[in-house]
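Each remark here refers to the structure printed beneath this line.
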Amino acid sequence: MARRRKEASTPDIKLRQPDRTGPTQETLLDIAQQRNLFAQAKEKEDANRRAAGQAVRPSDEDDDDEGPVLSPTAERIMETLLWTVSLTMLHFTLDVLVQHQFSINRVQWPKVWTRAAQAWMVFALLFYPLHPHSSNPTLVPGLPQRFQHGLRQAIFFATSVAAGCYLIYVTNSFGYLAVMKQAPPLGCLWVWSVIELDLPWAVLSLTGAGYFLWSRGYSIR
């Protein structure tokens with residue numbers, strides 16, 4: 001007859017959380033940093049690489065310090081190119097859409113590309129001085145700096161209202177030839193002006209265009 005073994009009773013052990021406090025004495029990492037051992041090891045490794053004729057990799061800090069930095073003027077030019085190319089693409093798209101809607105013949109691509117190039121030059125001439133940038137915060141010399149932003153907002157607000165209302169007027173009152181010629185640049189000018197405005201002024205300008213549409217009895221076709 002098999003006998004059952006009697007399990008040894010274990011004493012009661014109190015459970016508690018482990019000690020999560022940091023080390024109270026200096027660690028090997030702290031000692032190495034104090035003695036600059038990592039930099040010495042890096043210098044020794046670079047010396048061995050030079051002796052072996054291998055390329056020496058620059059450190060991360062050197063990469064950050066020696067990275068190419070654009071001047072404010074170069075940044076302004078790059079920003080102008082980015083915005084004007086985007087507006088030119090919008091002009092190209094609107095031109096093609098208008099041609100598809102009103103043109104009797106097929107889309108004349110050489111003329112579309114020519115008009116897009118002309119639009120890009122006009123956008124560049126307008127965008128470079130009017131768009132605010134840190135390298136050129138002054139729009140009108142002699143005007144106090146606190147009025148420069150308000151002046152830009154006033155210009156873009158007037159342009160937005162004028163371009164939007166006139167675009168609505170042209171598309172509802174003129175013939176297809178006038179629409180084909182004027183709708184793409186007016187649409188781009190309207191979009192750009194609204195983007196440059198602060199949110200309250202942008203909403204107000206769109207409200208003005210909507211009121212003009214309603215007061216004249218026009219419809220969105």
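Ligands are numbered from 1 in the order shown, residues from 1 within each chain, and chains are lettered A, B, ... in the order they appear in the structure tokens.
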
Exercise. DSSP says helix (DSSP H, G or I) for which residues of range 109-172 of chain A? Put them as number ranges by chain?
Worked result: A: 109-130, 145-172

Problem set entry | Polymer residues at most 12 Å from Phe212 in chain A, only C-alpha atoms, same-chain spacing of 6 or more positions, as a ChimeraX atom specification | /A:161-169,205-206,218-219

Using N, CA and C atoms, can you export the residues from the last selection as a PDB file, in the first residue's frame?
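Generated file (result-v2.pdb):
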```pdb
ATOM      1  N   VAL A 161     -12.001  89.379 -51.583  1.00  0.00           N
ATOM      2  CA  VAL A 161     -13.376  89.790 -51.867  1.00  0.00           C
ATOM      3  C   VAL A 161     -13.531  90.177 -53.335  1.00  0.00           C
ATOM      4  N   ALA A 162     -12.568  90.938 -53.862  1.00  0.00           N
ATOM      5  CA  ALA A 162     -12.664  91.380 -55.251  1.00  0.00           C
ATOM      6  C   ALA A 162     -12.573  90.201 -56.219  1.00  0.00           C
ATOM      7  N   ALA A 163     -11.598  89.308 -55.998  1.00  0.00           N
ATOM      8  CA  ALA A 163     -11.436  88.171 -56.905  1.00  0.00           C
ATOM      9  C   ALA A 163     -12.628  87.225 -56.826  1.00  0.00           C
ATOM     10  N   GLY A 164     -13.117  86.963 -55.617  1.00  0.00           N
ATOM     11  CA  GLY A 164     -14.253  86.058 -55.483  1.00  0.00           C
ATOM     12  C   GLY A 164     -15.518  86.608 -56.118  1.00  0.00           C
ATOM     13  N   CYS A 165     -15.821  87.870 -55.841  1.00  0.00           N
ATOM     14  CA  CYS A 165     -17.039  88.466 -56.403  1.00  0.00           C
ATOM     15  C   CYS A 165     -16.941  88.595 -57.921  1.00  0.00           C
ATOM     16  N   TYR A 166     -15.775  88.985 -58.415  1.00  0.00           N
ATOM     17  CA  TYR A 166     -15.645  89.140 -59.864  1.00  0.00           C
ATOM     18  C   TYR A 166     -15.684  87.789 -60.571  1.00  0.00           C
ATOM     19  N   LEU A 167     -15.134  86.747 -59.946  1.00  0.00           N
ATOM     20  CA  LEU A 167     -15.217  85.413 -60.536  1.00  0.00           C
ATOM     21  C   LEU A 167     -16.670  84.952 -60.623  1.00  0.00           C
ATOM     22  N   ILE A 168     -17.444  85.210 -59.580  1.00  0.00           N
ATOM     23  CA  ILE A 168     -18.869  84.865 -59.613  1.00  0.00           C
ATOM     24  C   ILE A 168     -19.588  85.658 -60.700  1.00  0.00           C
ATOM     25  N   TYR A 169     -19.241  86.934 -60.832  1.00  0.00           N
ATOM     26  CA  TYR A 169     -19.870  87.787 -61.846  1.00  0.00           C
ATOM     27  C   TYR A 169     -19.519  87.324 -63.258  1.00  0.00           C
ATOM     28  N   SER A 205     -14.390  87.157 -45.548  1.00  0.00           N
ATOM     29  CA  SER A 205     -14.288  87.360 -46.998  1.00  0.00           C
ATOM     30  C   SER A 205     -15.161  86.369 -47.760  1.00  0.00           C
ATOM     31  N   LEU A 206     -15.190  85.119 -47.313  1.00  0.00           N
ATOM     32  CA  LEU A 206     -16.060  84.135 -47.960  1.00  0.00           C
ATOM     33  C   LEU A 206     -17.532  84.478 -47.743  1.00  0.00           C
ATOM     34  N   TYR A 218     -27.558  84.996 -58.363  1.00  0.00           N
ATOM     35  CA  TYR A 218     -26.820  84.022 -59.156  1.00  0.00           C
ATOM     36  C   TYR A 218     -26.980  82.633 -58.549  1.00  0.00           C
ATOM     37  N   SER A 219     -26.638  81.658 -59.334  1.00  0.00           N
ATOM     38  CA  SER A 219     -26.677  80.273 -58.873  1.00  0.00           C
ATOM     39  C   SER A 219     -25.344  79.616 -59.186  1.00  0.00           C
TER      40      SER A 219
END
```

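The two atoms in question, CA of Phe123 in chain A and CA of Tyr211 in chain A, are spaced 27.9 Å apart.
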
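If you measure from each of A:Val122, A:Leu151, A:Leu87, A:Val98 to Ile195 in chain A using only C-alpha atoms, the closest one turns out to be A:Leu87.
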
Seminar exercise, completed: Among A:Tyr128, A:Phe157, A:Phe102, A:Phe38, Leu82 in chain A is approached most closely, using only C-alpha atoms, by A:Tyr128

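Across A:Leu204, A:Leu177, A:Phe127, A:Ser135, the tightest approach to Ala158 in chain A is made by A:Leu204 when counting only C-alpha atoms.
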
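Neighbouring residues of Leu130 in chain A at 12 Å or closer, counting only C-alpha atoms and skipping chain neighbours under 2 positions away, are Arg76, Thr80, Phe123, Ala124, Leu125, Leu126, Phe127, Tyr128, Pro132, His133, Asn136, Pro137, Thr138, Leu139, Val140, Gln148, His149, Leu151, Arg152, Gln153, Ala154, Ile155, Phe156, Thr159, Trp192, Ser193, Glu196 and Leu197 of chain A.
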